[in-house]
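Pasting run-v5.csv here (CSV, N, CA and C atoms):
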```
chain,number,residue,atom,x,y,z
F,1223,MET,N,132.7,83.5,170.0
F,1223,MET,CA,131.8,83.5,171.2
F,1223,MET,C,130.9,82.3,171.1
F,1224,SER,N,130.3,82.0,169.9
F,1224,SER,CA,129.4,80.8,169.8
F,1224,SER,C,130.1,79.5,170.1
F,1225,GLU,N,131.4,79.5,169.9
F,1225,GLU,CA,132.1,78.2,170.3
F,1225,GLU,C,132.1,78.0,171.8
F,1226,ASN,N,131.9,79.1,172.6
F,1226,ASN,CA,131.9,78.9,174.0
F,1226,ASN,C,130.5,78.5,174.6
F,1227,LEU,N,129.5,78.6,173.7
F,1227,LEU,CA,128.1,78.3,174.1
F,1227,LEU,C,127.9,76.8,174.0
F,1228,SER,N,127.2,76.2,175.0
F,1228,SER,CA,126.9,74.8,174.9
F,1228,SER,C,125.8,74.6,173.9
F,1229,ARG,N,125.6,73.3,173.5
F,1229,ARG,CA,124.6,73.0,172.5
F,1229,ARG,C,123.2,73.3,173.1
F,1230,LEU,N,123.0,73.1,174.4
F,1230,LEU,CA,121.8,73.4,175.1
F,1230,LEU,C,121.5,74.9,175.1
F,1231,ASP,N,122.5,75.7,175.3
F,1231,ASP,CA,122.3,77.2,175.2
F,1231,ASP,C,121.9,77.7,173.8
F,1232,ARG,N,122.6,77.1,172.8
F,1232,ARG,CA,122.3,77.4,171.4
F,1232,ARG,C,120.8,77.1,171.1
F,1233,LEU,N,120.4,75.9,171.6
F,1233,LEU,CA,119.0,75.5,171.3
F,1233,LEU,C,118.0,76.4,172.0
F,1234,ARG,N,118.4,76.9,173.2
F,1234,ARG,CA,117.5,77.8,173.9
F,1234,ARG,C,117.4,79.1,173.2
F,1235,ILE,N,118.5,79.6,172.6
F,1235,ILE,CA,118.5,80.8,171.8
F,1235,ILE,C,117.6,80.6,170.6
F,1236,VAL,N,117.8,79.5,169.9
F,1236,VAL,CA,116.9,79.2,168.7
F,1236,VAL,C,115.4,79.2,169.1
F,1237,ARG,N,115.2,78.5,170.2
F,1237,ARG,CA,113.8,78.4,170.7
F,1237,ARG,C,113.2,79.8,171.0
F,1238,GLU,N,114.0,80.7,171.6
F,1238,GLU,CA,113.5,82.1,171.9
F,1238,GLU,C,113.3,82.8,170.6
F,1239,TRP,N,114.1,82.7,169.6
F,1239,TRP,CA,113.9,83.3,168.3
F,1239,TRP,C,112.6,82.8,167.6
F,1240,GLN,N,112.4,81.5,167.7
F,1240,GLN,CA,111.2,80.9,167.1
F,1240,GLN,C,110.0,81.4,167.8
F,1241,ALA,N,110.0,81.5,169.1
F,1241,ALA,CA,108.9,82.0,169.9
F,1241,ALA,C,108.6,83.5,169.5
F,1242,TYR,N,109.6,84.2,169.3
F,1242,TYR,CA,109.4,85.6,168.8
F,1242,TYR,C,108.8,85.6,167.4
F,1243,GLN,N,109.2,84.8,166.5
F,1243,GLN,CA,108.7,84.7,165.2
F,1243,GLN,C,107.2,84.2,165.2
F,1244,LEU,N,106.9,83.3,166.1
F,1244,LEU,CA,105.6,82.8,166.2
F,1244,LEU,C,104.6,83.9,166.7
F,1245,GLY,N,105.1,84.7,167.7
F,1245,GLY,CA,104.3,85.8,168.2
F,1245,GLY,C,104.0,86.8,167.1
F,1246,ARG,N,105.0,87.1,166.2
F,1246,ARG,CA,104.8,88.0,165.1
F,1246,ARG,C,103.8,87.5,164.1
F,1247,THR,N,103.9,86.2,163.8
F,1247,THR,CA,102.9,85.5,162.9
F,1247,THR,C,101.5,85.6,163.5
F,1248,ASP,N,101.4,85.3,164.8
F,1248,ASP,CA,100.1,85.3,165.4
F,1248,ASP,C,99.5,86.7,165.4
F,1249,ARG,N,100.3,87.8,165.6
F,1249,ARG,CA,99.8,89.1,165.5
F,1249,ARG,C,99.3,89.5,164.1
F,1250,THR,N,100.1,89.0,163.1
F,1250,THR,CA,99.7,89.3,161.7
F,1250,THR,C,98.4,88.6,161.4
F,1251,ILE,N,98.3,87.4,161.8
F,1251,ILE,CA,97.0,86.6,161.6
F,1251,ILE,C,95.9,87.4,162.2
F,1252,ALA,N,96.0,87.8,163.4
F,1252,ALA,CA,94.9,88.5,164.1
F,1252,ALA,C,94.6,89.8,163.4
F,1253,GLU,N,95.6,90.6,162.9
F,1253,GLU,CA,95.3,91.8,162.1
F,1253,GLU,C,94.5,91.5,160.8
F,1254,LEU,N,94.9,90.4,160.1
F,1254,LEU,CA,94.3,90.1,158.9
F,1254,LEU,C,92.8,89.6,159.1
F,1255,GLU,N,92.6,88.8,160.2
F,1255,GLU,CA,91.3,88.4,160.5
F,1255,GLU,C,90.4,89.6,160.9
F,1256,GLU,N,90.9,90.6,161.6
F,1256,GLU,CA,90.1,91.8,161.9
F,1256,GLU,C,89.8,92.6,160.6
F,1257,ARG,N,90.7,92.7,159.7
F,1257,ARG,CA,90.5,93.4,158.5
F,1257,ARG,C,89.4,92.7,157.7
F,1258,GLU,N,89.4,91.4,157.6
F,1258,GLU,CA,88.4,90.6,156.9
F,1258,GLU,C,87.1,90.7,157.5
F,1259,ALA,N,87.0,90.7,158.9
F,1259,ALA,CA,85.8,90.8,159.6
F,1259,ALA,C,85.2,92.2,159.4
F,1260,THR,N,86.0,93.2,159.4
F,1260,THR,CA,85.5,94.6,159.1
F,1260,THR,C,85.0,94.7,157.7
F,1261,ALA,N,85.7,94.2,156.8
F,1261,ALA,CA,85.2,94.2,155.4
F,1261,ALA,C,83.9,93.5,155.2
F,1262,ALA,N,83.8,92.4,155.9
F,1262,ALA,CA,82.5,91.6,155.8
F,1262,ALA,C,81.4,92.4,156.4
F,1263,ARG,N,81.6,93.0,157.5
F,1263,ARG,CA,80.6,93.8,158.2
F,1263,ARG,C,80.2,95.0,157.3
F,1264,ALA,N,81.2,95.6,156.6
F,1264,ALA,CA,80.9,96.7,155.7
F,1264,ALA,C,80.1,96.3,154.5
F,1265,ALA,N,80.4,95.1,154.0
F,1265,ALA,CA,79.7,94.6,152.8
F,1265,ALA,C,78.2,94.2,153.2
F,1266,ARG,N,78.0,93.8,154.4
F,1266,ARG,CA,76.6,93.5,154.8
F,1266,ARG,C,75.8,94.7,155.1
F,1267,THR,N,76.4,95.8,155.5
F,1267,THR,CA,75.7,97.0,155.8
F,1267,THR,C,75.3,97.8,154.6
F,1268,LEU,N,76.1,97.7,153.6
F,1268,LEU,CA,75.9,98.5,152.4
F,1268,LEU,C,74.8,97.9,151.5
F,1269,PRO,N,73.8,98.6,151.1
F,1269,PRO,CA,72.7,98.0,150.3
F,1269,PRO,C,73.3,97.8,148.9
F,1270,PRO,N,72.8,96.9,148.2
F,1270,PRO,CA,73.3,96.6,146.8
F,1270,PRO,C,73.0,97.9,146.0
F,1271,PRO,N,73.8,98.2,145.0
F,1271,PRO,CA,73.5,99.3,144.2
F,1271,PRO,C,72.2,99.1,143.4
F,1272,ALA,N,71.5,100.2,143.2
F,1272,ALA,CA,70.3,100.1,142.4
F,1272,ALA,C,70.6,99.9,140.9
F,1273,PRO,N,69.8,99.1,140.2
F,1273,PRO,CA,70.1,98.9,138.8
F,1273,PRO,C,69.8,100.2,138.0
F,1274,ASP,N,70.4,100.3,136.9
F,1274,ASP,CA,70.1,101.5,136.1
F,1274,ASP,C,68.7,101.5,135.5
F,1275,TRP,N,68.2,100.2,135.2
F,1275,TRP,CA,66.9,100.1,134.6
F,1275,TRP,C,66.2,98.8,135.2
F,1276,LYS,N,64.9,98.8,135.3
F,1276,LYS,CA,64.2,97.7,135.8
F,1276,LYS,C,62.9,97.5,135.1
F,1277,LEU,N,62.5,96.2,135.1
F,1277,LEU,CA,61.2,95.8,134.5
F,1277,LEU,C,60.2,95.5,135.6
F,1278,SER,N,59.1,96.1,135.6
F,1278,SER,CA,58.1,95.7,136.6
F,1278,SER,C,57.3,94.6,136.0
F,1279,LEU,N,56.9,93.7,136.9
F,1279,LEU,CA,56.2,92.5,136.6
F,1279,LEU,C,54.8,92.5,137.2
F,1280,GLN,N,53.8,92.1,136.5
F,1280,GLN,CA,52.4,91.9,137.0
F,1280,GLN,C,52.1,90.5,137.0
F,1281,ARG,N,51.3,90.0,138.1
F,1281,ARG,CA,50.9,88.6,138.2
F,1281,ARG,C,49.4,88.6,137.7
F,1282,ALA,N,49.2,87.6,136.8
F,1282,ALA,CA,47.8,87.4,136.3
F,1282,ALA,C,47.7,85.9,136.0
F,1283,GLY,N,46.7,85.3,136.6
F,1283,GLY,CA,46.5,83.9,136.3
F,1283,GLY,C,47.6,83.0,136.8
F,1284,GLY,N,48.3,83.3,137.9
F,1284,GLY,CA,49.4,82.5,138.4
F,1284,GLY,C,50.7,82.7,137.7
F,1285,THR,N,50.8,83.5,136.7
F,1285,THR,CA,52.1,83.8,135.9
F,1285,THR,C,52.4,85.2,136.0
F,1286,SER,N,53.7,85.6,135.8
F,1286,SER,CA,54.1,86.9,135.7
F,1286,SER,C,54.3,87.4,134.3
F,1287,HIS,N,53.9,88.6,134.0
F,1287,HIS,CA,54.2,89.1,132.7
F,1287,HIS,C,54.8,90.5,132.8
F,1288,ALA,N,55.5,91.0,131.8
F,1288,ALA,CA,56.2,92.3,131.9
F,1288,ALA,C,55.1,93.4,131.8
F,1289,ASP,N,55.3,94.4,132.6
F,1289,ASP,CA,54.3,95.5,132.7
F,1289,ASP,C,54.9,96.7,132.1
F,1290,ALA,N,56.0,97.2,132.6
F,1290,ALA,CA,56.6,98.5,132.1
F,1290,ALA,C,58.1,98.5,132.5
F,1291,VAL,N,58.8,99.3,131.7
F,1291,VAL,CA,60.2,99.6,131.9
F,1291,VAL,C,60.3,100.8,132.8
F,1292,HIS,N,61.2,100.8,133.8
F,1292,HIS,CA,61.4,102.0,134.7
F,1292,HIS,C,62.9,102.3,134.8
F,1293,THR,N,63.2,103.5,135.3
F,1293,THR,CA,64.6,103.8,135.6
F,1293,THR,C,64.9,103.1,136.9
F,1294,GLY,N,66.1,102.9,137.3
F,1294,GLY,CA,66.5,102.2,138.5
F,1294,GLY,C,66.0,102.8,139.8
F,1295,ASP,N,65.8,104.1,139.8
F,1295,ASP,CA,65.4,104.7,141.1
F,1295,ASP,C,63.9,105.0,141.1
F,1296,CYS,N,63.1,104.6,140.2
F,1296,CYS,CA,61.7,104.8,140.1
F,1296,CYS,C,61.0,103.9,141.1
F,1297,GLY,N,60.1,104.5,141.9
F,1297,GLY,CA,59.4,103.7,142.9
F,1297,GLY,C,58.1,103.2,142.4
F,1298,MET,N,57.7,103.5,141.2
F,1298,MET,CA,56.4,103.2,140.7
F,1298,MET,C,56.3,101.7,140.2
F,1299,GLY,N,57.5,101.1,140.2
F,1299,GLY,CA,57.5,99.7,139.7
F,1299,GLY,C,56.9,98.7,140.6
F,1300,GLY,N,56.8,99.0,141.9
F,1300,GLY,CA,56.3,98.1,142.9
F,1300,GLY,C,57.4,97.2,143.4
F,1301,LYS,N,57.0,96.1,144.0
F,1301,LYS,CA,58.0,95.2,144.6
F,1301,LYS,C,58.5,94.1,143.7
F,1302,ARG,N,57.7,93.8,142.7
F,1302,ARG,CA,58.1,92.8,141.7
F,1302,ARG,C,58.7,93.5,140.5
F,1303,THR,N,60.1,93.5,140.6
F,1303,THR,CA,60.8,94.1,139.5
F,1303,THR,C,62.0,93.2,139.2
F,1304,LYS,N,62.6,93.4,138.0
F,1304,LYS,CA,63.7,92.6,137.6
F,1304,LYS,C,64.7,93.6,137.0
F,1305,PRO,N,66.0,93.6,137.5
F,1305,PRO,CA,67.0,94.5,137.0
F,1305,PRO,C,67.3,94.2,135.5
F,1306,MET,N,67.6,95.3,134.8
F,1306,MET,CA,67.9,95.2,133.4
F,1306,MET,C,69.1,96.0,133.0
F,1307,THR,N,69.8,95.6,131.9
F,1307,THR,CA,70.9,96.4,131.4
F,1307,THR,C,70.3,97.4,130.4
F,1308,ARG,N,71.1,98.4,130.0
F,1308,ARG,CA,70.6,99.4,129.1
F,1308,ARG,C,70.1,98.7,127.8
F,1309,GLU,N,70.9,97.7,127.3
F,1309,GLU,CA,70.5,97.1,126.0
F,1309,GLU,C,69.2,96.3,126.2
F,1310,GLN,N,69.0,95.7,127.3
F,1310,GLN,CA,67.7,95.0,127.6
F,1310,GLN,C,66.5,95.9,127.7
F,1311,ALA,N,66.7,97.1,128.3
F,1311,ALA,CA,65.7,98.1,128.4
F,1311,ALA,C,65.3,98.6,127.0
F,1312,LEU,N,66.3,98.9,126.2
F,1312,LEU,CA,66.1,99.4,124.8
F,1312,LEU,C,65.3,98.4,124.0
F,1313,ARG,N,65.7,97.1,124.1
F,1313,ARG,CA,65.0,96.0,123.4
F,1313,ARG,C,63.6,95.9,123.9
F,1314,ALA,N,63.4,96.0,125.2
F,1314,ALA,CA,62.0,95.8,125.7
F,1314,ALA,C,61.1,96.9,125.2
F,1315,LEU,N,61.6,98.2,125.1
F,1315,LEU,CA,60.8,99.3,124.6
F,1315,LEU,C,60.6,99.3,123.1
F,1316,THR,N,61.6,98.9,122.4
F,1316,THR,CA,61.5,99.0,120.9
F,1316,THR,C,61.0,97.7,120.2
F,1317,GLU,N,61.5,96.6,120.7
F,1317,GLU,CA,61.2,95.4,120.0
F,1317,GLU,C,60.1,94.6,120.6
F,1318,ASP,N,60.1,94.6,122.0
F,1318,ASP,CA,59.1,93.7,122.7
F,1318,ASP,C,57.8,94.5,122.9
F,1319,GLY,N,57.7,95.8,122.7
F,1319,GLY,CA,56.5,96.5,122.8
F,1319,GLY,C,56.1,96.8,124.3
F,1320,ILE,N,57.0,96.7,125.2
F,1320,ILE,CA,56.7,96.9,126.6
F,1320,ILE,C,56.6,98.5,126.8
F,1321,THR,N,55.7,98.9,127.6
F,1321,THR,CA,55.5,100.4,127.7
F,1321,THR,C,56.5,100.9,128.7
F,1322,ALA,N,56.7,102.2,128.5
F,1322,ALA,CA,57.6,103.0,129.4
F,1322,ALA,C,56.8,103.5,130.6
F,1323,CYS,N,57.4,103.6,131.7
F,1323,CYS,CA,56.7,104.2,132.9
F,1323,CYS,C,56.3,105.7,132.6
F,1324,ALA,N,55.1,106.1,132.9
F,1324,ALA,CA,54.7,107.4,132.6
F,1324,ALA,C,55.3,108.4,133.6
F,1325,TYR,N,55.8,108.0,134.7
F,1325,TYR,CA,56.4,108.9,135.7
F,1325,TYR,C,57.8,109.1,135.6
F,1326,CYS,N,58.6,108.1,135.4
F,1326,CYS,CA,60.1,108.2,135.3
F,1326,CYS,C,60.6,108.4,133.9
F,1327,ARG,N,59.8,108.1,132.9
F,1327,ARG,CA,60.0,108.2,131.5
F,1327,ARG,C,61.4,107.7,131.1
F,1328,PRO,N,61.6,106.4,131.2
F,1328,PRO,CA,62.9,105.8,130.8
F,1328,PRO,C,63.2,105.9,129.3
F,1329,ASP,N,62.1,106.1,128.5
F,1329,ASP,CA,62.3,106.2,127.1
F,1329,ASP,C,63.0,107.5,126.7
F,1330,ARG,N,62.8,108.6,127.5
F,1330,ARG,CA,63.5,109.8,127.3
F,1330,ARG,C,65.0,109.6,127.6
F,1331,GLU,N,65.3,109.0,128.7
F,1331,GLU,CA,66.7,108.8,129.1
F,1331,GLU,C,67.4,107.9,128.1
F,1332,LEU,N,66.7,106.9,127.5
F,1332,LEU,CA,67.3,106.0,126.6
F,1332,LEU,C,67.3,106.5,125.2
F,1333,GLY,N,66.6,107.6,124.9
F,1333,GLY,CA,66.6,108.2,123.6
F,1333,GLY,C,65.6,107.6,122.7
F,1334,VAL,N,64.6,106.9,123.3
F,1334,VAL,CA,63.5,106.3,122.5
F,1334,VAL,C,62.3,107.2,122.7
F,1335,LEU,N,61.8,107.8,121.6
F,1335,LEU,CA,60.6,108.6,121.7
F,1335,LEU,C,59.4,108.1,120.9
```
Take the structure in the file and give it back as structure tokens.
Amino acid sequence: MSENLSRLDRLRIVREWQAYQLGRTDRTIAELEEREATAARAARTLPPPAPDWKLSLQRAGGTSHADAVHTGDCGMGGKRTKPMTREQALRALTEDGITACAYCRPDRELGVL
């Protein structure tokens, strides 16, 4: 049957198949762009996770100094806080002599009494 088709007819068939494939590619690109946009919107709307521990900072004389260690969800630390790892919180309480918050008592959760 293909021997009966002219070269022009064959090229038209190839062009039709390529247009079909291009349409499929365009739809796939549009789907992936929508997924990425949805993921980006979701990432913007979710607040960053609260740290497990944080260090409140006090300003005095134009410099900041460490005030107290808090649990990540404690609101007594104020606005000037720095996130900490468990190891940093333990070191701050035991070696650096920084006090533990009297309200959230991170020393109890860390096992430092």
Distance criterion (only C-alpha atoms): nearest to F:Glu1309 out of F:Leu1233, F:Ala1252, F:Leu1332, F:Leu1279 |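 Nearest candidate to F:Glu1309 out of F:Leu1233, F:Ala1252, F:Leu1332, F:Leu1279: F:Leu1332.
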Would you work out the distance separating atom C of F:Val1291 from atom C of F:Pro1270, expressed in Å to one decimal?
->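 A separation of 18.5 Å between them.
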Using 8 Å of padding on each side, determine the axis-aligned box around all atoms of stretch 1287-1297 of chain F present in the file and give its centre and edge lengths in Å to one decimal, as JSON.
```
{"center_x": 60.2, "center_y": 96.8, "center_z": 137.3, "size_x": 28.6, "size_y": 32.4, "size_z": 27.2}
```
Within 6 Å of F:Asp1274, counting only N, CA and C atoms, which residues show up once you throw out same-chain ones fewer than 4 positions away? Write them as an MDAnalysis selection string, please.
-> chainID F and resid 1292:1295 1306
Give the answer as one residue: which of F:Pro1269, F:Gly1283, F:Gly1297, F:Gly1245 has the shortest atom-to-atom distance to F:Cys1326, using only C-alpha atoms?
->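 Smallest distance to F:Cys1326 is found for F:Gly1297.
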Point out the residue among F:Ala1259, F:Leu1244, F:Asp1289, F:Val1334 with the least atom-to-atom distance to F:Leu1312, counting all atoms listed in the file.
->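 Ranking F:Ala1259, F:Leu1244, F:Asp1289, F:Val1334 by distance to F:Leu1312, first place goes to F:Val1334.
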When you draw a straight line from atom C of F:Leu1315 to atom CA of F:Asp1329, how long is it in Å?
-> 8.2 Å
Between F:Ala1311, F:Leu1254, F:Ala1261, F:Cys1323, which has the minimum distance to F:Pro1273 (counting only C-alpha atoms)?
->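 Residue with the minimum atom-to-atom distance to F:Pro1273: F:Ala1311.
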Closest of F:Lys1276, F:Arg1232, F:Arg1249, F:Arg1330 to F:Thr1307 - atom-to-atom distances counting only N, CA and C atoms | F:Lys1276
Atom pair atom CA of F:Ala1322 / atom CA of F:Leu1268: separation (Å) |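 If I compute the distance from atom CA of F:Ala1322 to atom CA of F:Leu1268, I get 29.7 Å.
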Nearest candidate to F:Cys1296 (options F:Arg1266, F:Glu1253, F:Tyr1325, F:Asp1318; using only N, CA and C atoms) |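 Going through F:Arg1266, F:Glu1253, F:Tyr1325, F:Asp1318 one by one, the smallest distance to F:Cys1296 is for F:Tyr1325.
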List every residue of stretch 1252-1319 of chain F that DSSP, applied to the backbone, labels as strand (DSSP E), and write the result as a ChimeraX atom specification.
-> /F:1275-1282,1285-1293,1303-1306
Residues near F:Ala1314, cut-off 9 Å, only C-alpha atoms, skip fewer than 6 positions along chain, as a list in words =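 Neighbouring residues, sequence-local ones excluded: Leu1277, Ala1290, Val1291, Ile1320 and Thr1321 of chain F.
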What residues in stretch 1235-1328 of chain F get the DSSP label helix (DSSP H, G or I)? Please answer as a ChimeraX atom specification.
-> /F:1235-1267,1308-1316,1328
Rebuild all heavy atoms on stretch 1308-1319 of chain F, as a short mmCIF file (atom, residue, chain, number, x, y, z; two decimals), in the frame of the given file?
```cif
data_model
loop_
_atom_site.label_atom_id
_atom_site.label_comp_id
_atom_site.auth_asym_id
_atom_site.auth_seq_id
_atom_site.Cartn_x
_atom_site.Cartn_y
_atom_site.Cartn_z
N ARG F 1308 71.10 98.40 130.00
CA ARG F 1308 70.60 99.40 129.10
C ARG F 1308 70.10 98.70 127.80
O ARG F 1308 69.06 99.08 127.25
CB ARG F 1308 71.72 100.37 128.77
CG ARG F 1308 71.36 101.43 127.77
CD ARG F 1308 72.52 102.38 127.52
NE ARG F 1308 72.20 103.35 126.50
CZ ARG F 1308 71.51 104.45 126.70
NH1 ARG F 1308 71.08 104.74 127.91
NH2 ARG F 1308 71.26 105.29 125.71
N GLU F 1309 70.90 97.70 127.30
CA GLU F 1309 70.50 97.10 126.00
C GLU F 1309 69.20 96.30 126.20
O GLU F 1309 68.32 96.35 125.29
CB GLU F 1309 71.59 96.10 125.62
CG GLU F 1309 72.88 96.77 125.17
CD GLU F 1309 73.70 97.31 126.34
OE1 GLU F 1309 73.58 96.77 127.48
OE2 GLU F 1309 74.42 98.30 126.13
N GLN F 1310 69.00 95.70 127.30
CA GLN F 1310 67.70 95.00 127.60
C GLN F 1310 66.50 95.90 127.70
O GLN F 1310 65.44 95.66 127.13
CB GLN F 1310 67.78 94.14 128.86
CG GLN F 1310 68.71 92.95 128.78
CD GLN F 1310 68.93 92.30 130.13
OE1 GLN F 1310 68.92 92.97 131.18
NE2 GLN F 1310 69.13 91.00 130.13
N ALA F 1311 66.70 97.10 128.30
CA ALA F 1311 65.70 98.10 128.40
C ALA F 1311 65.30 98.60 127.00
O ALA F 1311 64.14 98.78 126.68
CB ALA F 1311 66.10 99.21 129.32
N LEU F 1312 66.30 98.90 126.20
CA LEU F 1312 66.10 99.40 124.80
C LEU F 1312 65.30 98.40 124.00
O LEU F 1312 64.34 98.68 123.34
CB LEU F 1312 67.40 99.72 124.13
CG LEU F 1312 68.03 101.06 124.47
CD1 LEU F 1312 69.45 101.12 123.95
CD2 LEU F 1312 67.19 102.19 123.91
N ARG F 1313 65.70 97.10 124.10
CA ARG F 1313 65.00 96.00 123.40
C ARG F 1313 63.60 95.90 123.90
O ARG F 1313 62.69 95.70 123.05
CB ARG F 1313 65.81 94.72 123.55
CG ARG F 1313 65.33 93.64 122.61
CD ARG F 1313 66.13 92.35 122.69
NE ARG F 1313 67.55 92.52 122.88
CZ ARG F 1313 68.21 92.16 123.99
NH1 ARG F 1313 67.57 91.59 124.99
NH2 ARG F 1313 69.50 92.34 124.09
N ALA F 1314 63.40 96.00 125.20
CA ALA F 1314 62.00 95.80 125.70
C ALA F 1314 61.10 96.90 125.20
O ALA F 1314 59.96 96.67 124.84
CB ALA F 1314 62.07 95.84 127.23
N LEU F 1315 61.60 98.20 125.10
CA LEU F 1315 60.80 99.30 124.60
C LEU F 1315 60.60 99.30 123.10
O LEU F 1315 59.50 99.56 122.65
CB LEU F 1315 61.45 100.60 125.05
CG LEU F 1315 61.45 100.92 126.54
CD1 LEU F 1315 62.29 102.15 126.82
CD2 LEU F 1315 60.03 101.12 127.03
N THR F 1316 61.60 98.90 122.40
CA THR F 1316 61.50 99.00 120.90
C THR F 1316 61.00 97.70 120.20
O THR F 1316 60.20 97.82 119.35
CB THR F 1316 62.90 99.40 120.31
OG1 THR F 1316 63.87 98.44 120.70
CG2 THR F 1316 63.32 100.79 120.79
N GLU F 1317 61.50 96.60 120.70
CA GLU F 1317 61.20 95.40 120.00
C GLU F 1317 60.10 94.60 120.60
O GLU F 1317 59.24 93.99 119.95
CB GLU F 1317 62.44 94.46 119.85
CG GLU F 1317 63.55 95.08 119.03
CD GLU F 1317 64.83 94.26 119.08
OE1 GLU F 1317 64.79 93.10 119.53
OE2 GLU F 1317 65.87 94.80 118.67
N ASP F 1318 60.10 94.60 122.00
CA ASP F 1318 59.10 93.70 122.70
C ASP F 1318 57.80 94.50 122.90
O ASP F 1318 56.81 93.85 123.37
CB ASP F 1318 59.67 93.25 123.99
CG ASP F 1318 60.92 92.40 123.78
OD1 ASP F 1318 61.08 91.86 122.67
OD2 ASP F 1318 61.72 92.27 124.72
N GLY F 1319 57.70 95.80 122.70
CA GLY F 1319 56.50 96.50 122.80
C GLY F 1319 56.10 96.80 124.30
O GLY F 1319 54.89 97.02 124.54
#
```
